[in-house]
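Chemist: Below you will find the structure I want to go over with you.
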Amino acid sequence: MKQTTPPKTYRVKSFGCQMNVYDGERMGEMLAEKGMSPAPEGEDADLVVLNTCHIREKAAEKVYSDIGRLTKGKTQKVAPMIAVAGCVAQAEGEEIMTRSPAVSMVVGPQAYHRLPGMIDKAAKGIRSTDTDMPADAKFAALPQRRKSAPSAFLTIQEGCDKFCTYCVVPYTRGAEISRPYSALVDEAKRLTEAGAKEITLLGQNVSAWTGEDDKGRALGMAGLIREIAKNPDLKRIRYTTSHPADMDDELINTHGEVEKLMPYLHLPVQSGNDRILKAMNRSHTAESYLKLLERFRTARPDLALSGDFIVGFPGETEAEFEDTLKIVDAVGYAQAYSFKYSPRPGTPAATMDDQVAPEMMDERLQRLQASIRRDQQAFNDASIGKTCEVLVERKGKMDGQWLGKSPWLQSVHFTGDAAIGDIVTAELIQAGQNSLGAVLREPINT
Ligand code: SAH
Ligand code: SF4
Ligand code: F3S
């Protein structure tokens, strides 16, 4: 590596889950604190941070094509200094340096607070890798939040101890840790001071969060939600992602009692078949999952449900896959994510017998997605005629058009007098599969 001038501008590209989006924002804030500025849209950046995802093979391989495009002048006129961050950085570490000589830094998701020092080294021609864990040190070392959108992310919990047999997250993010209560209340306050109306609490196992309040009393996630809800500038709270094993009565009741907690729950089930669930090391059955949802729906009858599914887990038969279709029919999801199983290095499922043929996975995914689409449309159709609050997040493509979110996390578009960050009252009048049309109703601003 040759010596270069220290970078003045940066661009952070985040892939994967919302936690990576959050990390990308924090990296940007840190680089700004270092005196760098974000590269304007369409212009070259001196430093590009690829904040990567390792969850499926396609996502993980993307980093190498992105590096190739950056160095060959396809993405920028001049090749930038390149940092690889995120879960591929954690999983592959030094290997990335060997495979891609153009990369100056490799930094894991729990070590990116040391990025500024690594950039200084890189400018002197020294390449470095930092994949230290755990996450506590990172949060303590990061600068305070300074920017915010109407809807902001707040990571409250890191890592995962569940070890589902297909999943890389326990290896890339490390063991579960909960951020301290006071740091979270403080960060939520900074976000609302900077304009956030909605905060989504994040964690790979967000409902496993535990902590203590100012008086030393033990709190779970329900307690944290109740405390954060006391912030008068905060209007909406969401959280993601939960594991069915960590949902307790207190959290279920919170859905019925805390008005600011939005009527939406993302609760992945992965499969509708008990043998597959066991092989996945999920600790629930199809029946226990459905019973849990019933308890949530009793507490909050208008709850919109979302989930994740994997098709083609090793050994999955046609009949076992059909159980997944059955659970979709039984739940009636407002939306859901579905994926073809992807064998991940180092996970137990990758070496299991009876890997399912790719064509079979394609066919199953198509059938599953058809069911999900049908339910999503039905959920949106059933919303027509409802008058609800919409949080305005950005301008639409058409003149005077605005885009925002309903309480049920549906994308809503309308035209009229509004501004980003407003919470308006709107009647939903038209339903597509992915968005709804609305008209403003009195009182427009609540
Ligand atoms: N912590 C969350 C999300 C984990 S990653 C949870 O437990 O639900 C998001 C989703 O990616 C998972 O829910 C799962 O559906 C999917 N996924 C994880 N590993 C996968 C793999 N090896 N192949 C295909 N999909 C996978
Ligand atoms: Fe992965 Fe399972 Fe942990 Fe979710 S709970 S992050 S799917 S190991
Ligand atoms: Fe991907 Fe890491 Fe998130 S593997 S899904 S970016 S935790």
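To be explicit about the labels: the chains of the structure tokens are called A, B, and onward in the order shown, and within each one the residues are counted from 1, while ligands get numbers from 1 in the order they are shown.
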Set out as a Markdown table a contact list for chain A and ligand 1 with a cut-off of 6 Å, giving each residue of chain A that qualifies its closest atom pair and distance in Å to one decimal, counting only C-alpha atoms and all ligand atoms, ordered by chain and rising residue number.
Modeler:
```
| residue | atom | partner | partner_atom_place_in_ligand_line | distance |
| --- | --- | --- | --- | --- |
| A:Ile55 | CA | ligand 1 | 19 (N) | 5.3 |
| A:Arg56 | CA | ligand 1 | 23 (N) | 5.3 |
| A:Tyr166 | CA | ligand 1 | 22 (N) | 4.5 |
| A:Cys167 | CA | ligand 1 | 19 (N) | 4.1 |
| A:Gln204 | CA | ligand 1 | 1 (N) | 3.8 |
| A:Asn205 | CA | ligand 1 | 1 (N) | 5.4 |
| A:Thr241 | CA | ligand 1 | 2 (C) | 5.2 |
| A:His243 | CA | ligand 1 | 7 (O) | 5.5 |
| A:Pro268 | CA | ligand 1 | 8 (O) | 4.9 |
| A:Gln270 | CA | ligand 1 | 15 (O) | 5.6 |
| A:Asp308 | CA | ligand 1 | 15 (O) | 4.5 |
| A:Phe309 | CA | ligand 1 | 15 (O) | 4.8 |
| A:Ile310 | CA | ligand 1 | 15 (O) | 5.2 |
| A:Phe339 | CA | ligand 1 | 25 (N) | 5.1 |
| A:Lys340 | CA | ligand 1 | 24 (C) | 5.3 |
| A:Tyr341 | CA | ligand 1 | 23 (N) | 3.8 |
| A:Ser342 | CA | ligand 1 | 23 (N) | 3.8 |
| A:Pro343 | CA | ligand 1 | 22 (N) | 5.3 |
| A:Arg344 | CA | ligand 1 | 22 (N) | 5.5 |
```
Chemist: Limited to C-alpha atoms, could you put the picked residues into a file as a PDB file, in the first residue's frame?
Modeler:
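Just written: again.pdb:
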```pdb
ATOM      1  CA  ILE A  55     -26.442 -13.813   6.137  1.00  0.00           C
ATOM      2  CA  ARG A  56     -26.740 -15.521   2.736  1.00  0.00           C
ATOM      3  CA  TYR A 166     -28.535 -22.171   9.669  1.00  0.00           C
ATOM      4  CA  CYS A 167     -27.458 -18.762  10.951  1.00  0.00           C
ATOM      5  CA  GLN A 204     -31.025  -9.463  16.710  1.00  0.00           C
ATOM      6  CA  ASN A 205     -32.957 -10.636  19.748  1.00  0.00           C
ATOM      7  CA  THR A 241     -36.466  -8.492  15.686  1.00  0.00           C
ATOM      8  CA  HIS A 243     -37.502 -14.467  18.936  1.00  0.00           C
ATOM      9  CA  PRO A 268     -40.115 -14.779  12.535  1.00  0.00           C
ATOM     10  CA  GLN A 270     -38.986 -19.724   9.777  1.00  0.00           C
ATOM     11  CA  ASP A 308     -39.414 -14.461   8.173  1.00  0.00           C
ATOM     12  CA  PHE A 309     -39.375 -17.827   6.398  1.00  0.00           C
ATOM     13  CA  ILE A 310     -36.699 -20.125   5.060  1.00  0.00           C
ATOM     14  CA  PHE A 339     -35.626 -16.730   1.642  1.00  0.00           C
ATOM     15  CA  LYS A 340     -34.125 -19.797   0.026  1.00  0.00           C
ATOM     16  CA  TYR A 341     -31.908 -21.620   2.487  1.00  0.00           C
ATOM     17  CA  SER A 342     -28.262 -20.703   1.918  1.00  0.00           C
ATOM     18  CA  PRO A 343     -25.570 -22.933   3.478  1.00  0.00           C
ATOM     19  CA  ARG A 344     -23.233 -20.758   5.545  1.00  0.00           C
TER      20      ARG A 344
END
```
Chemist: Find the residues near stretch 95-106 of chain A: any atom within 12 Å, counting only C-alpha atoms, skip ones fewer than 5 places away on the same chain, and give them as a PDB file with N, CA, C and O atoms, in the first residue's frame.
Modeler:
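Okay, result_14.pdb is ready:
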```
ATOM      1  N   MET A   1       0.855  -1.214   0.000  1.00  0.00           N
ATOM      2  CA  MET A   1       0.000   0.000   0.000  1.00  0.00           C
ATOM      3  C   MET A   1       0.873   1.239   0.000  1.00  0.00           C
ATOM      4  O   MET A   1       1.785   1.365   0.811  1.00  0.00           O
ATOM      5  N   LYS A   2       0.552   2.150  -0.885  1.00  0.00           N
ATOM      6  CA  LYS A   2       1.372   3.373  -0.864  1.00  0.00           C
ATOM      7  C   LYS A   2       0.718   4.437   0.024  1.00  0.00           C
ATOM      8  O   LYS A   2      -0.476   4.364   0.331  1.00  0.00           O
ATOM      9  N   GLN A   3       1.567   5.429   0.382  1.00  0.00           N
ATOM     10  CA  GLN A   3       1.057   6.522   1.205  1.00  0.00           C
ATOM     11  C   GLN A   3       0.114   7.405   0.391  1.00  0.00           C
ATOM     12  O   GLN A   3       0.321   7.598  -0.795  1.00  0.00           O
ATOM     13  N   THR A   4      -0.924   7.927   1.018  1.00  0.00           N
ATOM     14  CA  THR A   4      -1.838   8.837   0.298  1.00  0.00           C
ATOM     15  C   THR A   4      -2.162  10.018   1.213  1.00  0.00           C
ATOM     16  O   THR A   4      -1.822  10.001   2.395  1.00  0.00           O
ATOM     17  N   LEU A  47     -13.009   8.094   0.675  1.00  0.00           N
ATOM     18  CA  LEU A  47     -13.065   6.832   1.432  1.00  0.00           C
ATOM     19  C   LEU A  47     -14.447   6.210   1.232  1.00  0.00           C
ATOM     20  O   LEU A  47     -15.461   6.890   1.391  1.00  0.00           O
ATOM     21  N   VAL A  48     -14.483   4.926   0.870  1.00  0.00           N
ATOM     22  CA  VAL A  48     -15.767   4.222   0.796  1.00  0.00           C
ATOM     23  C   VAL A  48     -15.758   3.093   1.827  1.00  0.00           C
ATOM     24  O   VAL A  48     -14.832   2.272   1.864  1.00  0.00           O
ATOM     25  N   VAL A  49     -16.775   3.093   2.694  1.00  0.00           N
ATOM     26  CA  VAL A  49     -16.921   2.019   3.674  1.00  0.00           C
ATOM     27  C   VAL A  49     -18.016   1.083   3.169  1.00  0.00           C
ATOM     28  O   VAL A  49     -19.159   1.510   2.979  1.00  0.00           O
ATOM     29  N   LEU A  50     -17.659  -0.170   2.914  1.00  0.00           N
ATOM     30  CA  LEU A  50     -18.669  -1.163   2.530  1.00  0.00           C
ATOM     31  C   LEU A  50     -19.070  -1.896   3.806  1.00  0.00           C
ATOM     32  O   LEU A  50     -18.279  -2.657   4.374  1.00  0.00           O
ATOM     33  N   ASN A  51     -20.286  -1.614   4.265  1.00  0.00           N
ATOM     34  CA  ASN A  51     -20.764  -2.170   5.534  1.00  0.00           C
ATOM     35  C   ASN A  51     -21.601  -3.405   5.197  1.00  0.00           C
ATOM     36  O   ASN A  51     -22.766  -3.300   4.863  1.00  0.00           O
ATOM     37  N   THR A  52     -20.971  -4.573   5.285  1.00  0.00           N
ATOM     38  CA  THR A  52     -21.452  -5.772   4.597  1.00  0.00           C
ATOM     39  C   THR A  52     -22.346  -6.705   5.433  1.00  0.00           C
ATOM     40  O   THR A  52     -22.363  -6.630   6.657  1.00  0.00           O
ATOM     41  N   ALA A  60     -23.020 -12.061   0.844  1.00  0.00           N
ATOM     42  CA  ALA A  60     -21.608 -12.056   1.220  1.00  0.00           C
ATOM     43  C   ALA A  60     -20.704 -11.864   0.006  1.00  0.00           C
ATOM     44  O   ALA A  60     -19.676 -11.189   0.080  1.00  0.00           O
ATOM     45  N   GLU A  61     -21.076 -12.439  -1.131  1.00  0.00           N
ATOM     46  CA  GLU A  61     -20.233 -12.334  -2.326  1.00  0.00           C
ATOM     47  C   GLU A  61     -20.265 -10.938  -2.943  1.00  0.00           C
ATOM     48  O   GLU A  61     -19.355 -10.529  -3.655  1.00  0.00           O
ATOM     49  N   VAL A  63     -19.747  -8.120  -1.770  1.00  0.00           N
ATOM     50  CA  VAL A  63     -18.661  -7.222  -1.393  1.00  0.00           C
ATOM     51  C   VAL A  63     -17.522  -7.274  -2.413  1.00  0.00           C
ATOM     52  O   VAL A  63     -16.952  -6.261  -2.777  1.00  0.00           O
ATOM     53  N   TYR A  64     -17.247  -8.488  -2.932  1.00  0.00           N
ATOM     54  CA  TYR A  64     -16.131  -8.597  -3.871  1.00  0.00           C
ATOM     55  C   TYR A  64     -16.454  -7.948  -5.212  1.00  0.00           C
ATOM     56  O   TYR A  64     -15.582  -7.340  -5.834  1.00  0.00           O
ATOM     57  N   SER A  65     -17.705  -8.054  -5.660  1.00  0.00           N
ATOM     58  CA  SER A  65     -18.033  -7.362  -6.904  1.00  0.00           C
ATOM     59  C   SER A  65     -18.026  -5.850  -6.690  1.00  0.00           C
ATOM     60  O   SER A  65     -17.592  -5.097  -7.551  1.00  0.00           O
ATOM     61  N   ASP A  66     -18.459  -5.402  -5.506  1.00  0.00           N
ATOM     62  CA  ASP A  66     -18.427  -3.957  -5.219  1.00  0.00           C
ATOM     63  C   ASP A  66     -16.991  -3.427  -5.194  1.00  0.00           C
ATOM     64  O   ASP A  66     -16.714  -2.345  -5.718  1.00  0.00           O
ATOM     65  N   ILE A  67     -16.078  -4.195  -4.600  1.00  0.00           N
ATOM     66  CA  ILE A  67     -14.670  -3.770  -4.554  1.00  0.00           C
ATOM     67  C   ILE A  67     -14.132  -3.671  -5.988  1.00  0.00           C
ATOM     68  O   ILE A  67     -13.485  -2.698  -6.368  1.00  0.00           O
ATOM     69  N   GLY A  68     -14.450  -4.685  -6.799  1.00  0.00           N
ATOM     70  CA  GLY A  68     -14.002  -4.705  -8.196  1.00  0.00           C
ATOM     71  C   GLY A  68     -14.486  -3.471  -8.944  1.00  0.00           C
ATOM     72  O   GLY A  68     -13.720  -2.813  -9.645  1.00  0.00           O
ATOM     73  N   ARG A  69     -15.760  -3.138  -8.760  1.00  0.00           N
ATOM     74  CA  ARG A  69     -16.329  -1.972  -9.461  1.00  0.00           C
ATOM     75  C   ARG A  69     -15.663  -0.671  -9.004  1.00  0.00           C
ATOM     76  O   ARG A  69     -15.406   0.214  -9.805  1.00  0.00           O
ATOM     77  N   LEU A  70     -15.367  -0.591  -7.718  1.00  0.00           N
ATOM     78  CA  LEU A  70     -14.721   0.630  -7.191  1.00  0.00           C
ATOM     79  C   LEU A  70     -13.301   0.788  -7.738  1.00  0.00           C
ATOM     80  O   LEU A  70     -12.879   1.882  -8.099  1.00  0.00           O
ATOM     81  N   THR A  71     -12.565  -0.328  -7.812  1.00  0.00           N
ATOM     82  CA  THR A  71     -11.158  -0.226  -8.240  1.00  0.00           C
ATOM     83  C   THR A  71     -11.046  -0.077  -9.759  1.00  0.00           C
ATOM     84  O   THR A  71     -10.090   0.497 -10.253  1.00  0.00           O
ATOM     85  N   LYS A  72     -12.038  -0.588 -10.489  1.00  0.00           N
ATOM     86  CA  LYS A  72     -11.950  -0.497 -11.959  1.00  0.00           C
ATOM     87  C   LYS A  72     -12.542   0.794 -12.503  1.00  0.00           C
ATOM     88  O   LYS A  72     -12.760   0.940 -13.694  1.00  0.00           O
ATOM     89  N   ALA A  79     -10.367   5.620  -7.975  1.00  0.00           N
ATOM     90  CA  ALA A  79     -10.569   4.577  -6.951  1.00  0.00           C
ATOM     91  C   ALA A  79     -10.350   5.162  -5.557  1.00  0.00           C
ATOM     92  O   ALA A  79      -9.359   5.848  -5.323  1.00  0.00           O
ATOM     93  N   PRO A  80     -11.263   4.905  -4.622  1.00  0.00           N
ATOM     94  CA  PRO A  80     -11.129   5.459  -3.274  1.00  0.00           C
ATOM     95  C   PRO A  80     -10.302   4.560  -2.356  1.00  0.00           C
ATOM     96  O   PRO A  80      -9.940   3.441  -2.729  1.00  0.00           O
ATOM     97  N   MET A  81     -10.031   5.046  -1.157  1.00  0.00           N
ATOM     98  CA  MET A  81      -9.544   4.190  -0.080  1.00  0.00           C
ATOM     99  C   MET A  81     -10.750   3.324   0.314  1.00  0.00           C
ATOM    100  O   MET A  81     -11.869   3.831   0.412  1.00  0.00           O
ATOM    101  N   ILE A  82     -10.540   2.023   0.497  1.00  0.00           N
ATOM    102  CA  ILE A  82     -11.693   1.139   0.771  1.00  0.00           C
ATOM    103  C   ILE A  82     -11.584   0.507   2.162  1.00  0.00           C
ATOM    104  O   ILE A  82     -10.538  -0.060   2.523  1.00  0.00           O
ATOM    105  N   ALA A  83     -12.678   0.598   2.921  1.00  0.00           N
ATOM    106  CA  ALA A  83     -12.786  -0.107   4.198  1.00  0.00           C
ATOM    107  C   ALA A  83     -13.906  -1.133   4.077  1.00  0.00           C
ATOM    108  O   ALA A  83     -14.987  -0.806   3.588  1.00  0.00           O
ATOM    109  N   VAL A  84     -13.654  -2.368   4.496  1.00  0.00           N
ATOM    110  CA  VAL A  84     -14.728  -3.363   4.551  1.00  0.00           C
ATOM    111  C   VAL A  84     -15.126  -3.517   6.022  1.00  0.00           C
ATOM    112  O   VAL A  84     -14.302  -3.877   6.867  1.00  0.00           O
ATOM    113  N   ALA A  85     -16.394  -3.191   6.300  1.00  0.00           N
ATOM    114  CA  ALA A  85     -16.915  -3.296   7.662  1.00  0.00           C
ATOM    115  C   ALA A  85     -18.054  -4.315   7.677  1.00  0.00           C
ATOM    116  O   ALA A  85     -18.362  -4.912   6.654  1.00  0.00           O
ATOM    117  N   GLY A  86     -18.679  -4.512   8.833  1.00  0.00           N
ATOM    118  CA  GLY A  86     -19.867  -5.356   8.914  1.00  0.00           C
ATOM    119  C   GLY A  86     -19.568  -6.837   9.072  1.00  0.00           C
ATOM    120  O   GLY A  86     -18.461  -7.243   9.442  1.00  0.00           O
ATOM    121  N   CYS A  87     -20.572  -7.656   8.764  1.00  0.00           N
ATOM    122  CA  CYS A  87     -20.507  -9.076   9.119  1.00  0.00           C
ATOM    123  C   CYS A  87     -19.594  -9.908   8.237  1.00  0.00           C
ATOM    124  O   CYS A  87     -19.042 -10.914   8.685  1.00  0.00           O
ATOM    125  N   VAL A  88     -19.378  -9.511   6.968  1.00  0.00           N
ATOM    126  CA  VAL A  88     -18.403 -10.238   6.144  1.00  0.00           C
ATOM    127  C   VAL A  88     -17.007  -9.962   6.700  1.00  0.00           C
ATOM    128  O   VAL A  88     -16.161 -10.868   6.771  1.00  0.00           O
ATOM    129  N   ALA A  89     -16.772  -8.721   7.127  1.00  0.00           N
ATOM    130  CA  ALA A  89     -15.478  -8.359   7.719  1.00  0.00           C
ATOM    131  C   ALA A  89     -15.195  -9.249   8.921  1.00  0.00           C
ATOM    132  O   ALA A  89     -14.091  -9.771   9.095  1.00  0.00           O
ATOM    133  N   GLN A  90     -16.220  -9.455   9.758  1.00  0.00           N
ATOM    134  CA  GLN A  90     -16.047 -10.278  10.949  1.00  0.00           C
ATOM    135  C   GLN A  90     -15.784 -11.732  10.573  1.00  0.00           C
ATOM    136  O   GLN A  90     -14.923 -12.402  11.138  1.00  0.00           O
ATOM    137  N   ALA A 111     -16.128  -3.348  16.366  1.00  0.00           N
ATOM    138  CA  ALA A 111     -14.829  -2.666  16.499  1.00  0.00           C
ATOM    139  C   ALA A 111     -14.763  -1.367  15.707  1.00  0.00           C
ATOM    140  O   ALA A 111     -13.721  -0.722  15.669  1.00  0.00           O
ATOM    141  N   TYR A 112     -15.874  -0.959  15.101  1.00  0.00           N
ATOM    142  CA  TYR A 112     -15.766   0.168  14.155  1.00  0.00           C
ATOM    143  C   TYR A 112     -15.519   1.525  14.828  1.00  0.00           C
ATOM    144  O   TYR A 112     -15.231   2.505  14.155  1.00  0.00           O
ATOM    145  N   ARG A 114     -12.976   2.121  16.207  1.00  0.00           N
ATOM    146  CA  ARG A 114     -11.534   2.356  15.993  1.00  0.00           C
ATOM    147  C   ARG A 114     -11.201   2.695  14.536  1.00  0.00           C
ATOM    148  O   ARG A 114     -10.041   2.807  14.164  1.00  0.00           O
ATOM    149  N   LEU A 115     -12.246   2.859  13.725  1.00  0.00           N
ATOM    150  CA  LEU A 115     -12.054   3.203  12.314  1.00  0.00           C
ATOM    151  C   LEU A 115     -11.193   4.458  12.108  1.00  0.00           C
ATOM    152  O   LEU A 115     -10.293   4.445  11.252  1.00  0.00           O
ATOM    153  N   PRO A 116     -11.394   5.565  12.862  1.00  0.00           N
ATOM    154  CA  PRO A 116     -10.581   6.762  12.610  1.00  0.00           C
ATOM    155  C   PRO A 116      -9.068   6.489  12.675  1.00  0.00           C
ATOM    156  O   PRO A 116      -8.323   6.942  11.797  1.00  0.00           O
ATOM    157  N   GLY A 117      -8.645   5.719  13.675  1.00  0.00           N
ATOM    158  CA  GLY A 117      -7.217   5.392  13.783  1.00  0.00           C
ATOM    159  C   GLY A 117      -6.747   4.544  12.612  1.00  0.00           C
ATOM    160  O   GLY A 117      -5.618   4.694  12.112  1.00  0.00           O
ATOM    161  N   MET A 118      -7.615   3.658  12.140  1.00  0.00           N
ATOM    162  CA  MET A 118      -7.260   2.787  11.016  1.00  0.00           C
ATOM    163  C   MET A 118      -7.121   3.613   9.732  1.00  0.00           C
ATOM    164  O   MET A 118      -6.290   3.312   8.871  1.00  0.00           O
ATOM    165  N   ILE A 119      -7.938   4.660   9.615  1.00  0.00           N
ATOM    166  CA  ILE A 119      -7.858   5.531   8.428  1.00  0.00           C
ATOM    167  C   ILE A 119      -6.513   6.272   8.422  1.00  0.00           C
ATOM    168  O   ILE A 119      -5.857   6.366   7.388  1.00  0.00           O
ATOM    169  N   ASP A 120      -6.120   6.752   9.601  1.00  0.00           N
ATOM    170  CA  ASP A 120      -4.818   7.445   9.687  1.00  0.00           C
ATOM    171  C   ASP A 120      -3.684   6.513   9.263  1.00  0.00           C
ATOM    172  O   ASP A 120      -2.779   6.900   8.537  1.00  0.00           O
ATOM    173  N   LYS A 121      -3.753   5.270   9.725  1.00  0.00           N
ATOM    174  CA  LYS A 121      -2.724   4.293   9.349  1.00  0.00           C
ATOM    175  C   LYS A 121      -2.744   4.061   7.838  1.00  0.00           C
ATOM    176  O   LYS A 121      -1.704   4.016   7.191  1.00  0.00           O
ATOM    177  N   ALA A 122      -3.958   3.894   7.306  1.00  0.00           N
ATOM    178  CA  ALA A 122      -4.090   3.609   5.874  1.00  0.00           C
ATOM    179  C   ALA A 122      -3.482   4.730   5.040  1.00  0.00           C
ATOM    180  O   ALA A 122      -2.866   4.482   3.997  1.00  0.00           O
ATOM    181  N   ALA A 123      -3.649   5.982   5.501  1.00  0.00           N
ATOM    182  CA  ALA A 123      -3.075   7.108   4.761  1.00  0.00           C
ATOM    183  C   ALA A 123      -1.549   7.025   4.746  1.00  0.00           C
ATOM    184  O   ALA A 123      -0.892   7.544   3.855  1.00  0.00           O
ATOM    185  N   LYS A 124      -0.978   6.334   5.749  1.00  0.00           N
ATOM    186  CA  LYS A 124       0.483   6.156   5.779  1.00  0.00           C
ATOM    187  C   LYS A 124       0.898   4.881   5.051  1.00  0.00           C
ATOM    188  O   LYS A 124       2.056   4.463   5.096  1.00  0.00           O
ATOM    189  N   GLY A 125      -0.074   4.214   4.472  1.00  0.00           N
ATOM    190  CA  GLY A 125       0.234   3.014   3.703  1.00  0.00           C
ATOM    191  C   GLY A 125       0.194   1.728   4.513  1.00  0.00           C
ATOM    192  O   GLY A 125       0.661   0.680   4.069  1.00  0.00           O
ATOM    193  N   ILE A 126      -0.387   1.796   5.735  1.00  0.00           N
ATOM    194  CA  ILE A 126      -0.442   0.581   6.576  1.00  0.00           C
ATOM    195  C   ILE A 126      -1.856   0.013   6.572  1.00  0.00           C
ATOM    196  O   ILE A 126      -2.816   0.693   6.954  1.00  0.00           O
ATOM    197  N   ARG A 127      -1.968  -1.251   6.168  1.00  0.00           N
ATOM    198  CA  ARG A 127      -3.283  -1.907   6.151  1.00  0.00           C
ATOM    199  C   ARG A 127      -3.556  -2.498   7.544  1.00  0.00           C
ATOM    200  O   ARG A 127      -2.632  -2.961   8.211  1.00  0.00           O
ATOM    201  N   SER A 128      -4.826  -2.513   7.969  1.00  0.00           N
ATOM    202  CA  SER A 128      -5.104  -3.110   9.284  1.00  0.00           C
ATOM    203  C   SER A 128      -6.451  -3.823   9.335  1.00  0.00           C
ATOM    204  O   SER A 128      -7.387  -3.497   8.590  1.00  0.00           O
ATOM    205  N   THR A 129      -6.512  -4.814  10.228  1.00  0.00           N
ATOM    206  CA  THR A 129      -7.728  -5.594  10.450  1.00  0.00           C
ATOM    207  C   THR A 129      -8.056  -5.545  11.931  1.00  0.00           C
ATOM    208  O   THR A 129      -7.174  -5.739  12.769  1.00  0.00           O
ATOM    209  N   ASP A 130      -9.330  -5.282  12.261  1.00  0.00           N
ATOM    210  CA  ASP A 130      -9.748  -5.278  13.670  1.00  0.00           C
ATOM    211  C   ASP A 130     -11.108  -5.964  13.772  1.00  0.00           C
ATOM    212  O   ASP A 130     -12.118  -5.439  13.308  1.00  0.00           O
ATOM    213  N   THR A 131     -11.104  -7.158  14.353  1.00  0.00           N
ATOM    214  CA  THR A 131     -12.369  -7.889  14.492  1.00  0.00           C
ATOM    215  C   THR A 131     -12.615  -8.239  15.969  1.00  0.00           C
ATOM    216  O   THR A 131     -13.171  -9.281  16.289  1.00  0.00           O
ATOM    217  N   ASP A 132     -12.228  -7.330  16.831  1.00  0.00           N
ATOM    218  CA  ASP A 132     -12.409  -7.538  18.274  1.00  0.00           C
ATOM    219  C   ASP A 132     -13.885  -7.595  18.666  1.00  0.00           C
ATOM    220  O   ASP A 132     -14.715  -6.947  18.080  1.00  0.00           O
TER     221      ASP A 132
END
```
Chemist: Could you list the protein, DNA and RNA residues that have any atom within 12 Å of ligand 2, counting only C-alpha atoms and all ligand atoms, and write them as JSON, numbers by chain?
Modeler: {"A": [17, 19, 54, 55, 56, 157, 158, 159, 160, 161, 162, 163, 164, 165, 166, 167, 168, 169, 170, 171, 172, 173, 174, 175, 176, 203, 204, 205, 206, 207, 208, 240, 241, 242, 243, 244, 245, 246, 266, 267, 268, 269, 270, 271, 277, 280, 281, 282, 283, 284, 307, 308, 309, 310, 341, 344, 347, 348, 349]}
Chemist: Excluding A:Ala319 and its own-chain neighbours fewer than 2 positions away, which residues fall within 12 Å of it when counting only C-alpha atoms? Please give them as a PyMOL selection string.
Modeler: chain A and resi 271-276+312+315-317+321-326+364
Chemist: For the residues selected in the previous step, produce a file with N, CA and C atoms as a short mmCIF file (atom, residue, chain, number, x, y, z; two decimals), in the first residue's frame.
Modeler:
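Output below, filename part.cif:
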```cif
data_model
loop_
_atom_site.label_atom_id
_atom_site.label_comp_id
_atom_site.auth_asym_id
_atom_site.auth_seq_id
_atom_site.Cartn_x
_atom_site.Cartn_y
_atom_site.Cartn_z
N SER A 271 -40.38 -21.75 9.78
CA SER A 271 -41.00 -22.91 9.14
C SER A 271 -42.28 -23.25 9.90
N GLY A 272 -43.20 -23.93 9.22
CA GLY A 272 -44.43 -24.35 9.90
C GLY A 272 -44.38 -25.80 10.32
N ASN A 273 -43.21 -26.43 10.18
CA ASN A 273 -43.11 -27.87 10.47
C ASN A 273 -42.22 -28.12 11.69
N ASP A 274 -42.74 -28.91 12.63
CA ASP A 274 -42.03 -29.09 13.91
C ASP A 274 -40.71 -29.84 13.78
N ARG A 275 -40.64 -30.81 12.86
CA ARG A 275 -39.36 -31.53 12.70
C ARG A 275 -38.28 -30.56 12.17
N ILE A 276 -38.67 -29.75 11.20
CA ILE A 276 -37.71 -28.77 10.65
C ILE A 276 -37.35 -27.74 11.72
N GLY A 312 -36.54 -24.79 1.95
CA GLY A 312 -35.47 -25.67 1.51
C GLY A 312 -34.38 -25.89 2.54
N GLY A 315 -33.18 -31.41 4.13
CA GLY A 315 -34.11 -32.49 4.46
C GLY A 315 -35.57 -32.10 4.35
N GLU A 316 -35.90 -30.84 4.04
CA GLU A 316 -37.31 -30.43 3.99
C GLU A 316 -38.04 -31.17 2.86
N THR A 317 -39.09 -31.90 3.22
CA THR A 317 -39.87 -32.62 2.21
C THR A 317 -41.01 -31.72 1.72
N PHE A 321 -42.79 -28.70 3.73
CA PHE A 321 -42.93 -27.35 3.18
C PHE A 321 -44.41 -26.91 3.22
N GLU A 322 -45.30 -27.85 2.92
CA GLU A 322 -46.73 -27.49 2.93
C GLU A 322 -47.19 -27.02 4.32
N ASP A 323 -46.54 -27.52 5.36
CA ASP A 323 -46.86 -27.02 6.71
C ASP A 323 -46.54 -25.53 6.83
N THR A 324 -45.52 -25.09 6.11
CA THR A 324 -45.19 -23.65 6.12
C THR A 324 -46.31 -22.87 5.43
N LEU A 325 -46.81 -23.40 4.31
CA LEU A 325 -47.94 -22.72 3.65
C LEU A 325 -49.15 -22.66 4.60
N LYS A 326 -49.31 -23.74 5.37
CA LYS A 326 -50.47 -23.80 6.30
C LYS A 326 -50.35 -22.74 7.38
N ARG A 364 -40.55 -23.78 -4.39
CA ARG A 364 -41.20 -23.58 -3.08
C ARG A 364 -41.28 -22.10 -2.73
#
```
Chemist: So what do you get for atom CA of A:Ser338 versus atom CA of A:Glu294, distance-wise?
Modeler: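 According to the coordinates, atom CA of A:Ser338 and atom CA of A:Glu294 are separated by 22.3 Å.
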Chemist: Report, in Å with one decimal, the straight-line distance from atom CA of A:Ala59 to atom CA of A:Pro345.
Modeler: 13.5 Å
Chemist: Could you tell me how far atom CA of A:Gly28 sits from atom CA of A:Ala137, in Å to one decimal place?
Modeler: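 If I compute the distance from atom CA of A:Ala137 to atom CA of A:Gly28, I get 18.0 Å.
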Chemist: With distances taken over only C-alpha atoms, which of A:Leu224, A:Leu290, A:Ile327, A:Ala196 is nearest to A:Ser182?
Modeler: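 So, comparing all the options, the nearest one is A:Leu224.
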